[in-house]
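Student: This is the structure I want to talk about, given as structure tokens.
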Amino acid sequence: MNGQIVAGVLAPCLPHLVYAQRSPRNEVHGECGWEELRWAFGRLRHSLDGLEFDTLLIHSSSWRTSTHTHYLDVPRLQGLSVDARFPHLFRFNYDARIDTTLGEQVRAAATRENLELLPMRTPEFRIDTATLVVADLIRPEWDKTILSLSSASTARLSSMEVQHAQMLQLGRATRAAIAASGRRVVCVAASGLSQNMFAREPELVEDMSQERIGDHNAYLWDMKVLELMRQGHTRQLAEVLADYTDQALAETERGGLSWLLAALNVPQRPAEVHGYGSILGTGNAVVEWRGEG
Amino acid sequence: MAIVGAYLIPGLPQLASPAAAASEGVARLRAATDQIHARAKAARADVVIVYSDLGPNPFGTAIQLAPRLSGTFVDADTHALGAVAYAIENDLDFTYAVVTAARTRGLVLRELKSPGFPLDAGSVAAANLAERLSVPCVLLSSHAHARGEDAHALATAIHDALRVCPRRALALAVTSLSNRPLGPRSEPARIHSAKDEQWNIKILEFLRAGRWQDVLPLARQFQSEARVADGTTFTSPAWLAGLIGGTGDVGEVLAYTAVHGIGAAVVEFVEVGHE
């Protein structure tokens, strides 16, 4: 059917970015803040402007499920999503059209990879923060369908190696499903990098002096993995992912980056790093790989 | 002022969704919460204090300060159970007394006032009980970086608050025992592993015997050996011990079962009523 992944994106998903961006769908607005990352999203949007696509397919690090990956399977979801950690920053009103057809195709392809995906069919379900943050920052018009995949806790239940292997399977299944679907899809791993989050939030949340990394060694690791991405050394990246996750307490633990690399067929072409920045001590980057077509 | 009842309850979505179909084990847990309801009613409880260690906050012990919380709960994992509407009245006078006392004791609090805040399954289950009793709540959630000592200090702050703002309080500590899941297709009545099961039995035996001096030092080891390192902390027993006095307060296990691999128990502490 000639479906294809037109771009793959690694994107940060803390709610601060939507708050600072003053999104009209968010009930609370900041004054400014995290420009490095917000401008990086701007460059990403500009880059995607020239690409026709139908669906944003998002692997979410904040929709956490225990033993399986779940996917949204309701054609339209509306509501208010309040973030549990940052309720003063993220009160987001959404009205999302879900690409349930693609969801079913990913599930079927995953079954062929011996992975069971579970559909989420409860209409009152609250869409998670990470899905909404990246969807809003990548496509503020909300004129595309979205599809969200949960992140299973495999790394914590067994090991990062098992998580990585399962997410490679899911990524391959996603790639096959998209090819068969005829869709043009942007795949997004909604995930930060190192996660040494400060234990105290500044009184002024957008205090610029607090935009610094929480741990230097984690920062060095972030730079190493970004350099591997920039050079197109993704096989090497895949090999160090477990060590990186362990030593930098990285959000790659949720499996989004592994999934994305496999969906993109472990791309050997260089990625475009649109920007790197820190939110409450955590490392975050907006990274784009163009699709093979 | 008094703690008229103190209980350890599981934070399962199956208890937050009372209309959903139940396995035999979940039915036992529900029957045990019915017992809590009956005993709290007989004890004339006028507030339910909930401490959940299932939705830890990275910036402090979370305390709900909105006068009323209402919404619809759908669990991120077990969403197939459906949606549960809840409406919670908070006892703001008492809640602010707890805030003052906790700050005086140097505890770090995260004050939450947002309507629509996504409560965890345990808080919804506990709040359902308060709704059935027609009494307001105080909703507390653990600090991700806290230790048992902090939870104990929080309990002491609640005693301080009870002195200035007298209540007949029902205390509910929401936690799971071993929390490694087996998945939705698993045999419902089987704990994840024999090791987890041994841990659960050991913890329950100590609680039964009132051996808090053994439970509390083991909490961290239990956390690392029988629970997923997902940010949750097994601090509920320390909170309960601080509330009811600790050593000598024996527990009665009203129900214990496995739910998709996770250990779930309802435990009542009978030697309470400290005036």
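Identifiers in the structure tokens: chain A, B, ... in order shown; residue index from 1 per chain; ligand index from 1 in order shown.
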What residues in chain A have any atom no more than 6 Å from chain B when counting only C-alpha atoms, and can you write them as a list of chain:residue names?
Tutor: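 Using only C-alpha atoms, chain A residues at most 6 Å from chain B: A:Thr65, A:Thr67, A:Val82, A:Ala84, A:Phe125, A:Ala199, A:Arg200.
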Student: Restrict the selected residues to C-alpha atoms and save them as a short mmCIF file (atom, residue, chain, number, x, y, z; two decimals), in the first residue's frame.
Tutor:
```
data_model
loop_
_atom_site.label_atom_id
_atom_site.label_comp_id
_atom_site.auth_asym_id
_atom_site.auth_seq_id
_atom_site.Cartn_x
_atom_site.Cartn_y
_atom_site.Cartn_z
CA THR A 65 1.38 0.37 31.81
CA THR A 67 3.20 -5.68 31.43
CA VAL A 82 -4.27 17.64 34.41
CA ALA A 84 -0.24 14.85 38.47
CA PHE A 125 -9.91 7.78 29.35
CA ALA A 199 14.00 17.60 44.21
CA ARG A 200 12.75 21.18 44.60
#
```
Student: Please, which residues of stretch 97-236 of chain A, numbered as in this document, come out helix (DSSP H, G or I) from DSSP, as a PyMOL selection string?
Tutor: chain A and resi 100-112+129-138+154-157+160-181+208-210+216-230+234-236
Student: With only C-alpha atoms as the counted atoms, please give the residues lying no more than 10 Å from B:Asn128, apart from itself and same-chain residues fewer than 4 positions off, as a list in words.
Tutor: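 The filter keeps Leu15, Ala16, Ser17, Pro18, Val84, Ala85, Tyr86, Ala87, Ile88, Gly122, Ser123, Val124, Arg132, Leu133 and Ser134 of chain B.
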Student: What separation in Å, quoted to one decimal, exists between atom CA of B:Leu65 and atom CA of A:Met197?
Tutor: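 Computed distance, atom CA of B:Leu65 to atom CA of A:Met197, equals 25.1 Å.
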Student: Would you compute the distance between atom CA of B:Ala22 and atom CA of B:Ala38? Give it in Å to one decimal.
Tutor: 21.0 Å
Student: Pick out the closest residue to A:Ala7 from this set: A:Asp246, A:Asp95, A:Glu52, A:Glu203. Count only C-alpha atoms.
Tutor: A:Glu52
Student: For B:Ser23, which of B:Arg105, B:Lys202, B:Arg190, B:Lys41 is the closest residue, counting only C-alpha atoms?
Tutor: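 Between B:Arg105, B:Lys202, B:Arg190, B:Lys41, the residue approaching B:Ser23 most closely is B:Arg190.
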Student: What does the structure give for the distance between atom CA of B:Phe94 and atom CA of B:Arg39, in Å to one decimal?
Tutor: 22.1 Å
Student: Which residue is closest to A:Val188? Choose from A:Thr245, A:Asn2, A:Ser258, A:Ser209 and count only C-alpha atoms.
Tutor: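 For A:Val188, the nearest of the candidates is A:Ser258.
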Student: With only C-alpha atoms as the atoms that count, which of A:Met208, A:Leu147, A:Val133, A:Cys187 lies nearest to A:Val6?
Tutor: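 Ranking A:Met208, A:Leu147, A:Val133, A:Cys187 by distance to A:Val6, first place goes to A:Cys187.
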Student: If we count only C-alpha atoms, what is near A:Ala250 at a cut-off of 8 Å, once residues fewer than 6 positions away on the same chain are taken out, given as JSON, numbers by chain?
Tutor: {"A": [192, 193, 194, 195, 244]}
Student: Generate a file of the selected residues that holds C-alpha atoms, formatted as a tab-separated table (two decimals), in the first residue's frame.
Tutor:
```
chain	number	residue	atom	x	y	z
A	192	GLY	CA	13.48	13.01	27.60
A	193	LEU	CA	17.13	12.03	27.90
A	194	SER	CA	18.84	12.00	31.33
A	195	GLN	CA	16.35	12.33	34.17
A	244	TYR	CA	23.29	4.98	29.09
```
Student: Please provide the set of residues having any atom within 9 Å of stretch 101-113 of chain A, restricted to only C-alpha atoms, with same-chain residues fewer than 6 positions apart removed, written as a list in words.
Tutor: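 The residues that qualify are Thr55, Tyr71, Leu72, Asp73, Pro119, Leu147, Ser148, Leu149, Gln169, Leu170, Gly171, Arg172, Ala173, Thr174, Arg175, Ala176, Ala177, Ile178, Ala180, Ser181 and Arg183 of chain A.
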Student: What are the DSSP strand (DSSP E or B) residues of stretch 56-208 of chain A, as a PyMOL selection string?
Tutor: chain A and resi 56-65+69-72+76-82+91-98+117-120+145-152+184-190+194
